[in-house]
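Chemist: So that you have it, the file is model-v2.tsv, and it contains TSV, C-alpha atoms and all ligand atoms:
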chain	number	residue	atom	x	y	z
A	1	MET	CA	56.72	241.38	17.27
A	2	GLY	CA	56.45	244.16	19.79
A	3	MET	CA	58.82	245.44	22.44
A	4	PHE	CA	57.18	243.08	24.94
A	5	GLU	CA	55.88	239.50	24.58
A	6	ALA	CA	52.40	239.69	23.08
A	7	THR	CA	50.81	237.44	25.70
A	8	SER	CA	50.39	240.16	28.32
A	9	SER	CA	47.13	242.03	28.65
A	10	LYS	CA	48.97	245.03	30.13
A	11	LYS	CA	48.57	248.36	28.37
A	12	VAL	CA	51.69	249.84	26.78
A	13	ALA	CA	52.69	253.49	27.20
A	14	VAL	CA	55.43	255.26	25.27
A	15	VAL	CA	57.01	258.10	27.28
A	16	THR	CA	59.19	260.46	25.23
A	17	GLY	CA	61.67	262.16	27.54
A	18	GLY	CA	61.37	259.06	29.71
A	19	ALA	CA	64.84	259.58	31.25
A	20	GLY	CA	64.03	263.14	32.27
A	21	PHE	CA	62.87	264.58	35.58
A	22	LEU	CA	59.14	264.28	34.86
A	23	GLY	CA	59.30	261.45	32.30
A	24	SER	CA	61.05	259.13	34.75
A	25	HIS	CA	58.57	259.83	37.58
A	26	LEU	CA	55.72	259.34	35.12
A	27	SER	CA	57.22	256.00	34.00
A	28	ASP	CA	57.37	254.87	37.64
A	29	ARG	CA	53.73	255.80	38.20
A	30	LEU	CA	52.58	254.06	35.01
A	31	ILE	CA	54.39	250.84	35.97
A	32	THR	CA	52.81	251.03	39.45
A	33	GLU	CA	49.42	251.39	37.76
A	34	GLY	CA	50.01	248.16	35.78
A	35	PHE	CA	51.26	249.60	32.47
A	36	ARG	CA	54.29	248.57	30.48
A	37	VAL	CA	56.49	251.52	29.58
A	38	ILE	CA	58.73	252.21	26.60
A	39	ALA	CA	60.85	255.25	27.48
A	40	ILE	CA	62.47	257.11	24.58
A	41	ASP	CA	65.14	259.73	25.29
A	42	ASN	CA	68.23	261.13	23.56
A	43	SER	CA	69.62	261.98	27.02
A	44	ILE	CA	70.67	265.56	26.18
A	45	THR	CA	69.05	266.78	29.39
A	46	GLY	CA	67.69	263.46	30.67
A	47	SER	CA	69.93	261.01	32.52
A	48	ALA	CA	70.35	257.23	32.69
A	49	ASP	CA	70.54	257.63	36.50
A	50	ASN	CA	66.86	258.61	36.56
A	51	ILE	CA	65.82	255.19	35.21
A	52	ALA	CA	68.67	253.04	36.57
A	53	HIS	CA	66.28	251.51	39.15
A	54	LEU	CA	64.07	250.23	36.28
A	55	ALA	CA	66.85	248.30	34.52
A	56	GLY	CA	65.82	244.66	34.34
A	57	ASN	CA	62.18	245.42	35.12
A	58	GLN	CA	60.21	243.34	32.61
A	59	ASP	CA	57.61	246.07	32.26
A	60	PHE	CA	60.18	248.67	31.16
A	61	LYS	CA	62.19	249.21	27.98
A	62	PHE	CA	64.46	252.08	27.05
A	63	ILE	CA	65.19	253.32	23.53
A	64	ARG	CA	67.90	255.94	23.02
A	65	HIS	CA	66.54	258.11	20.20
A	66	ASN	CA	65.92	261.74	19.30
A	67	VAL	CA	62.15	261.99	18.80
A	68	SER	CA	62.62	264.94	16.44
A	69	ASP	CA	63.52	262.15	13.98
A	70	PHE	CA	60.88	259.61	12.87
A	71	ILE	CA	59.81	257.39	15.79
A	72	PHE	CA	59.46	253.67	15.15
A	73	VAL	CA	58.04	251.48	17.89
A	74	PRO	CA	57.08	247.87	17.04
A	75	GLY	CA	53.91	246.27	18.39
A	76	ARG	CA	51.17	247.48	20.64
A	77	VAL	CA	51.03	251.04	21.99
A	78	ASP	CA	48.00	252.31	23.95
A	79	TYR	CA	49.28	255.69	25.22
A	80	VAL	CA	51.88	258.17	23.97
A	81	PHE	CA	53.07	260.68	26.56
A	82	HIS	CA	55.13	263.38	24.80
A	83	PHE	CA	57.42	264.73	27.54
A	84	ALA	CA	60.69	265.20	25.64
A	85	SER	CA	62.11	268.74	25.71
A	86	PRO	CA	64.76	270.83	27.36
A	87	ALA	CA	62.75	272.58	30.08
A	88	SER	CA	64.96	275.00	32.00
A	89	PRO	CA	65.55	278.51	30.65
A	90	ILE	CA	69.34	277.92	30.71
A	91	ASP	CA	68.95	274.66	28.76
A	92	TYR	CA	66.77	276.13	26.07
A	93	LEU	CA	69.04	279.14	25.68
A	94	GLU	CA	71.91	276.72	25.06
A	95	LEU	CA	69.81	274.41	22.88
A	96	PRO	CA	67.46	276.78	21.02
A	97	ILE	CA	67.13	274.75	17.82
A	98	PRO	CA	66.73	271.29	19.45
A	99	THR	CA	64.10	272.92	21.70
A	100	LEU	CA	62.16	274.27	18.71
A	101	LYS	CA	62.55	270.98	16.87
A	102	VAL	CA	61.34	268.70	19.67
A	103	GLY	CA	58.32	270.94	20.30
A	104	ALA	CA	57.46	271.03	16.61
A	105	LEU	CA	58.90	267.99	14.76
A	106	GLY	CA	59.01	265.85	17.90
A	107	THR	CA	55.35	266.54	18.64
A	108	HIS	CA	54.44	265.79	15.00
A	109	ASN	CA	56.29	262.46	15.17
A	110	ALA	CA	54.76	261.53	18.54
A	111	LEU	CA	51.28	262.38	17.21
A	112	GLY	CA	51.99	260.29	14.10
A	113	LEU	CA	52.94	257.35	16.33
A	114	ALA	CA	49.73	257.75	18.36
A	115	LYS	CA	47.63	257.93	15.18
A	116	GLU	CA	49.28	254.83	13.67
A	117	LYS	CA	48.74	252.86	16.91
A	118	LYS	CA	45.28	254.34	17.66
A	119	ALA	CA	46.75	255.37	21.01
A	120	VAL	CA	45.78	258.13	23.42
A	121	PHE	CA	48.14	261.13	23.14
A	122	ILE	CA	49.14	263.32	26.10
A	123	LEU	CA	51.11	266.51	25.48
A	124	ALA	CA	53.33	268.00	28.19
A	125	SER	CA	52.65	271.68	27.64
A	126	THR	CA	53.58	274.53	29.92
A	127	SER	CA	52.64	277.65	31.81
A	128	GLU	CA	55.15	279.33	29.44
A	129	CYS	CA	52.27	279.38	26.93
A	130	TYR	CA	51.00	282.31	29.04
A	131	GLY	CA	54.35	284.13	28.67
A	132	ASP	CA	54.64	287.19	30.93
A	133	PRO	CA	50.96	287.00	31.85
A	134	LEU	CA	48.58	289.95	31.94
A	135	VAL	CA	45.89	287.81	33.59
A	136	HIS	CA	46.57	286.58	37.11
A	137	PRO	CA	46.17	283.83	38.23
A	138	GLN	CA	46.27	282.12	34.83
A	139	THR	CA	43.12	280.36	33.62
A	140	GLU	CA	43.24	277.98	30.65
A	141	ASP	CA	41.19	280.33	28.48
A	142	TYR	CA	43.86	283.07	28.70
A	143	TRP	CA	45.79	283.26	25.37
A	144	GLY	CA	49.00	284.58	26.86
A	145	ASN	CA	51.56	287.32	26.35
A	146	VAL	CA	54.55	285.73	24.60
A	147	ASN	CA	57.45	287.44	22.82
A	148	PRO	CA	57.93	285.19	19.77
A	149	ILE	CA	61.43	286.47	18.96
A	150	GLY	CA	62.80	286.75	22.51
A	151	PRO	CA	65.20	284.21	24.05
A	152	ARG	CA	62.34	282.26	25.66
A	153	GLY	CA	60.37	282.21	22.41
A	154	VAL	CA	62.13	279.00	21.32
A	155	TYR	CA	60.40	277.13	24.12
A	156	ASP	CA	57.17	279.10	24.43
A	157	GLU	CA	56.34	279.14	20.73
A	158	ALA	CA	57.37	275.51	20.23
A	159	LYS	CA	54.96	274.49	22.99
A	160	ARG	CA	52.21	276.75	21.60
A	161	PHE	CA	52.71	275.11	18.18
A	162	ALA	CA	52.65	271.71	19.93
A	163	GLU	CA	49.24	272.56	21.42
A	164	ALA	CA	47.98	273.74	18.02
A	165	ILE	CA	49.04	270.58	16.17
A	166	THR	CA	47.68	268.40	19.00
A	167	MET	CA	44.24	270.04	18.71
A	168	ALA	CA	44.44	269.69	14.89
A	169	TYR	CA	45.06	265.93	15.23
A	170	HIS	CA	42.18	265.76	17.68
A	171	ARG	CA	39.76	267.64	15.42
A	172	HIS	CA	40.94	266.46	12.01
A	173	HIS	CA	41.99	262.88	12.77
A	174	SER	CA	39.70	262.29	15.78
A	175	LEU	CA	42.76	261.37	17.85
A	176	ASP	CA	42.08	261.08	21.59
A	177	THR	CA	44.37	263.84	22.90
A	178	LYS	CA	44.99	265.61	26.22
A	179	ILE	CA	47.08	268.71	26.97
A	180	VAL	CA	48.57	269.39	30.40
A	181	ARG	CA	49.95	272.86	31.10
A	182	ILE	CA	52.65	272.19	33.66
A	183	PHE	CA	53.63	274.94	36.13
A	184	ASN	CA	56.92	275.11	38.07
A	185	THR	CA	57.62	271.68	39.55
A	186	TYR	CA	60.35	270.47	41.88
A	187	GLY	CA	61.55	267.29	43.50
A	188	PRO	CA	64.13	264.51	43.29
A	189	ARG	CA	65.75	263.92	39.84
A	190	MET	CA	65.92	267.58	38.91
A	191	ARG	CA	69.38	268.22	37.52
A	192	LEU	CA	71.52	269.96	40.11
A	193	LYS	CA	72.95	272.27	37.43
A	194	ASP	CA	69.93	272.88	35.23
A	195	GLY	CA	69.92	276.54	36.27
A	196	ARG	CA	66.36	276.56	37.57
A	197	VAL	CA	65.68	278.33	40.78
A	198	VAL	CA	65.01	275.27	42.97
A	199	PRO	CA	68.27	273.36	42.30
A	200	ALA	CA	70.22	276.64	42.07
A	201	PHE	CA	69.16	277.93	45.51
A	202	ILE	CA	69.37	274.55	47.22
A	203	SER	CA	72.89	273.84	45.95
A	204	GLN	CA	74.04	277.39	46.74
A	205	ALA	CA	72.62	277.12	50.25
A	206	LEU	CA	74.16	273.67	50.85
A	207	ASN	CA	77.57	274.85	49.58
A	208	GLN	CA	77.43	278.06	51.67
A	209	GLU	CA	77.71	280.04	48.41
A	210	PRO	CA	75.80	283.27	47.74
A	211	VAL	CA	72.17	282.70	46.74
A	212	THR	CA	71.63	284.43	43.37
A	213	VAL	CA	68.31	286.25	43.24
A	214	PHE	CA	67.64	287.62	39.75
A	215	GLY	CA	66.22	291.14	39.62
A	216	ASP	CA	64.77	292.50	42.86
A	217	GLY	CA	63.23	289.12	43.67
A	218	SER	CA	59.67	290.47	43.60
A	219	GLN	CA	58.69	288.20	40.66
A	220	THR	CA	56.50	285.30	41.78
A	221	ARG	CA	56.32	281.57	41.06
A	222	SER	CA	54.14	278.76	42.46
A	223	PHE	CA	55.93	275.47	43.09
A	224	CYS	CA	54.32	272.04	42.81
A	225	TYR	CA	55.88	268.89	44.26
A	226	VAL	CA	56.55	266.27	41.59
A	227	SER	CA	54.30	263.50	43.02
A	228	ASP	CA	51.31	265.86	42.99
A	229	LEU	CA	52.03	266.88	39.41
A	230	ILE	CA	52.34	263.25	38.24
A	231	ASP	CA	49.04	262.40	39.94
A	232	GLY	CA	47.30	265.22	38.06
A	233	ILE	CA	48.80	264.10	34.77
A	234	PHE	CA	47.80	260.48	35.35
A	235	ARG	CA	44.22	261.51	36.10
A	236	LEU	CA	44.10	263.69	32.99
A	237	ALA	CA	45.44	260.85	30.83
A	238	MET	CA	42.60	258.60	32.11
A	239	SER	CA	39.95	261.31	31.59
A	240	ASP	CA	38.00	262.08	28.44
A	241	TYR	CA	38.80	265.79	28.49
A	242	HIS	CA	40.54	267.34	25.46
A	243	GLU	CA	41.09	271.03	26.24
A	244	PRO	CA	44.25	272.14	28.09
A	245	VAL	CA	44.31	271.67	31.88
A	246	ASN	CA	46.63	273.57	34.26
A	247	ILE	CA	48.40	271.32	36.74
A	248	GLY	CA	50.38	273.15	39.40
A	249	ASN	CA	50.28	274.34	42.96
A	250	PRO	CA	48.59	277.73	43.43
A	251	ARG	CA	50.70	278.54	46.51
A	252	GLU	CA	52.48	281.61	45.14
A	253	MET	CA	55.58	283.29	46.56
A	254	THR	CA	58.12	285.87	45.51
A	255	ILE	CA	61.58	284.61	44.57
A	256	LEU	CA	63.02	286.56	47.50
A	257	GLU	CA	60.62	284.78	49.89
A	258	PHE	CA	61.61	281.51	48.26
A	259	ALA	CA	65.32	282.25	48.81
A	260	ASN	CA	64.69	283.00	52.48
A	261	LYS	CA	62.68	279.79	52.95
A	262	ILE	CA	65.52	277.73	51.43
A	263	LEU	CA	68.02	279.42	53.77
A	264	GLN	CA	65.76	278.72	56.72
A	265	ILE	CA	65.10	275.04	55.84
A	266	THR	CA	68.79	274.32	55.12
A	267	GLY	CA	70.02	276.39	58.06
A	268	SER	CA	72.54	277.90	55.63
A	269	LYS	CA	74.55	281.05	56.39
A	270	SER	CA	74.72	282.01	52.68
A	271	GLU	CA	74.08	285.65	51.83
A	272	ILE	CA	71.55	286.67	49.19
A	273	ILE	CA	73.02	288.57	46.23
A	274	LYS	CA	71.22	290.20	43.29
A	275	LYS	CA	71.93	289.36	39.64
A	276	PRO	CA	70.35	290.89	36.53
A	277	LEU	CA	66.85	289.71	35.67
A	278	PRO	CA	66.87	287.57	32.48
A	279	LYS	CA	65.03	289.05	29.48
A	280	ASP	CA	61.28	288.41	29.38
A	281	ASP	CA	61.31	286.74	32.83
A	282	PRO	CA	57.60	286.48	33.76
A	283	LYS	CA	56.74	288.86	36.62
A	284	VAL	CA	54.05	286.64	38.09
A	285	ARG	CA	52.91	283.04	37.69
A	286	ARG	CA	50.23	281.10	39.49
A	287	PRO	CA	47.85	278.46	38.13
A	288	ASP	CA	44.10	278.75	38.45
A	289	ILE	CA	43.30	275.06	39.08
A	290	THR	CA	39.51	275.30	39.09
A	291	ARG	CA	39.35	273.14	35.95
A	292	ALA	CA	41.61	270.39	37.34
A	293	ARG	CA	39.60	270.36	40.59
A	294	LYS	CA	36.32	270.06	38.74
A	295	ILE	CA	37.23	267.65	35.95
A	296	LEU	CA	39.88	265.49	37.62
A	297	GLY	CA	38.97	265.87	41.29
A	298	TRP	CA	42.64	266.79	41.68
A	299	GLU	CA	44.48	269.21	43.88
A	300	PRO	CA	48.01	269.26	45.26
A	301	LYS	CA	48.62	267.66	48.67
A	302	ALA	CA	52.35	267.86	49.50
A	303	ASP	CA	53.36	270.63	51.87
A	304	PHE	CA	56.17	272.88	50.74
A	305	GLU	CA	58.65	272.20	53.50
A	306	SER	CA	58.46	268.38	53.27
A	307	GLY	CA	58.81	268.57	49.49
A	308	ILE	CA	61.86	270.79	49.77
A	309	ARG	CA	63.35	268.46	52.41
A	310	GLU	CA	62.94	265.44	50.07
A	311	THR	CA	64.61	267.42	47.29
A	312	ILE	CA	67.49	268.43	49.58
A	313	LEU	CA	68.02	264.77	50.59
A	314	TYR	CA	68.22	263.84	46.92
A	315	PHE	CA	70.79	266.54	46.14
A	316	LYS	CA	72.87	265.55	49.18
A	317	ASP	CA	72.84	261.90	48.01
A	318	ARG	CA	73.87	262.93	44.50
A	319	LYS	CA	76.70	265.03	45.82
A	320	ALA	CA	77.93	262.17	48.00
A	321	ALA	CA	77.80	259.76	45.04
B	1	LIG	N1	65.89	282.77	39.43
B	1	LIG	C1	66.71	283.41	40.36
B	1	LIG	N2	67.96	282.91	40.59
B	1	LIG	C2	68.43	281.79	39.97
B	1	LIG	C3	67.61	281.12	39.05
B	1	LIG	C4	66.34	281.65	38.79
B	1	LIG	O1	66.32	284.43	40.95
B	1	LIG	O2	69.61	281.40	40.25
B	1	LIG	C5	64.55	283.32	39.19
B	1	LIG	C6	64.21	283.54	37.71
B	1	LIG	O3	64.64	284.83	37.29
B	1	LIG	C7	62.71	283.40	37.72
B	1	LIG	C8	62.45	282.38	38.83
B	1	LIG	O4	63.63	282.37	39.63
B	1	LIG	O5	62.10	284.62	38.07
B	1	LIG	C9	62.19	280.98	38.32
B	1	LIG	O6	63.20	280.67	37.41
B	1	LIG	P1	63.38	279.22	36.76
B	1	LIG	O7	64.62	279.26	35.94
B	1	LIG	O8	63.31	278.19	37.82
B	1	LIG	O9	62.14	278.95	35.81
B	1	LIG	P2	60.99	279.85	35.14
B	1	LIG	O10	59.88	279.81	36.13
B	1	LIG	O11	61.47	281.25	34.90
B	1	LIG	O12	60.70	279.13	33.90
Starting from the file, lay out its structure as structure tokens.
Ligand code: UDP
Modeler:
Amino acid sequence: MGMFEATSSKKVAVVTGGAGFLGSHLSDRLITEGFRVIAIDNSITGSADNIAHLAGNQDFKFIRHNVSDFIFVPGRVDYVFHFASPASPIDYLELPIPTLKVGALGTHNALGLAKEKKAVFILASTSECYGDPLVHPQTEDYWGNVNPIGPRGVYDEAKRFAEAITMAYHRHHSLDTKIVRIFNTYGPRMRLKDGRVVPAFISQALNQEPVTVFGDGSQTRSFCYVSDLIDGIFRLAMSDYHEPVNIGNPREMTILEFANKILQITGSKSEIIKKPLPKDDPKVRRPDITRARKILGWEPKADFESGIRETILYFKDRKAA
């Protein structure tokens, strides 16, 4: 017996972190593409609200479980998407050991599940693998500049280990694996209080509170709208490419520029104040997406202002609710 009746010819995808920001959008896309989805999440940073609209959908099941413990899924599984992890710097500072465990033990368990089921495995990796990069923009063949013992090391090194064990399963067990290096992403279902710059600035602007720029605001990031990111990940999952692929939007801006754009779009009168720069905060970040363009025929489409407006609408709805 599987999670679903065996009569269906639909492919089954397991999404760890399926109640999270990206995992829930990915689950939606997979169902739209004709998959059945088993979402697994311990809900420490994910939220039932993100998948509430899928309750009762016969192509969707939810299992509450910490994937750092052995994962048991009965029946057919064709794809394992490993997306479980705290992902905001504030979250992984508060949850350093669960972050290390889900990147290491969780990835091992998810790979073991994929091997047992002869499923395709897709790892959600990160631009944090490049650390505070000395190569700009970042190409996939750059090995990165990571402080292993710094506060961000719990996330960066866990994800670097996750990439290493994924490639070992590919080479040693001939598992069909893919690795996506995800750059800064924003959109509906981000947690309002996750501490990341997009929800922080939007909620500060909407509440007419001071907008907190860390450092002098000259550090850069490049923000990708969630639907573009999910499209890149879906294409990678369907491809036969095994090396890491950057998925992100190369439109780079300083954090100070970003703060001013949020003030302009919201029409907020908030002032901008400076706060200390967190340790090891990367000074620049921008994906080189040549590989994704070439191999997946993918590039981002959403324009910044519309994406931010959608995100603002979501936060306003959440506040009202
Ligand atoms: N940042 C900021 N104010 C905030 C939150 C973040 O200036 O209230 C800065 C942070 O120092 C970093 C950038 O915004 O340079 C992006 O931070 P985020 O936490 O979103 O993720 P990161 O890209 O660092 O992983």
Chemist: Could you check which of A:Ala19, A:Leu296, A:Ala55, A:Val284 is closest to His136 of chain A, using only C-alpha atoms?
Modeler: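 Under the stated criterion, the closest residue is A:Val284.
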Chemist: Can you tell me which residues sit at most 9 Å away from ligand LIG 1 (chain B), counting all atoms listed in the file, written as a ChimeraX atom specification?
Modeler: /A:87-90,127-128,152,183-185,194-201,204,211-222,254-256,258-259,274-279,281-285
Chemist: Residues within 10 Å of segment 291-293 of chain A, please, as a list in words. Count only C-alpha atoms; anything in the same chain fewer than 6 positions from it doesn't count.
Modeler: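 The residues that qualify are Thr139, Glu140, Val180, Gly232, Ile233, Arg235, Leu236, Pro244, Val245, Asn246, Ile247, Gly248, Glu299 and Pro300 of chain A.
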Chemist: I'd like the neighbourhood of Arg318 of chain A as a PyMOL selection string, where a residue qualifies if any of its atoms comes within 12 Å (using only C-alpha atoms), though same-chain residues fewer than 3 positions away should be ignored.
Modeler: chain A and resi 49-50+188-193+203+311-315+321
Chemist: Just give me the gap between atom CA of Asp59 of chain A and atom CA of Arg181 of chain A in Å, one decimal is fine.
Modeler: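 Separating atom CA of Asp59 of chain A from atom CA of Arg181 of chain A is a distance of 27.9 Å.
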Chemist: State, in Å with one decimal place, the distance from atom CA of Ile182 of chain A to atom CA of Ala158 of chain A.
Modeler: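 Taking atom CA of Ile182 of chain A and atom CA of Ala158 of chain A, their separation equals 14.6 Å.
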Chemist: Counting all atoms listed in the file, figure out which residue out of A:Glu5, A:Asp69, A:Glu243, A:Glu305 gets nearest to Tyr225 of chain A.
Modeler: A:Glu305
Chemist: Is it possible to get the residues within 12 Å of (43.6, 265.5, 16.3) (coordinates as in the file, counting only C-alpha atoms) written as a VMD selection string?
Modeler: chain A and resid 108 111 to 112 114 to 115 118 to 123 162 to 179 242 to 243
Chemist: In terms of the shortest atom-to-atom distance over all atoms listed in the file, which of A:Val77, A:Leu263, A:Cys224, A:Ala205 is closest to Lys316 of chain A?
Modeler: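 Using all atoms listed in the file, Lys316 of chain A sits closest to A:Ala205.
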Chemist: For Gly23 of chain A, which of A:Pro86, A:Gly297, A:Gly75, A:Gly307 is the closest residue, counting all atoms listed in the file?
Modeler: A:Pro86
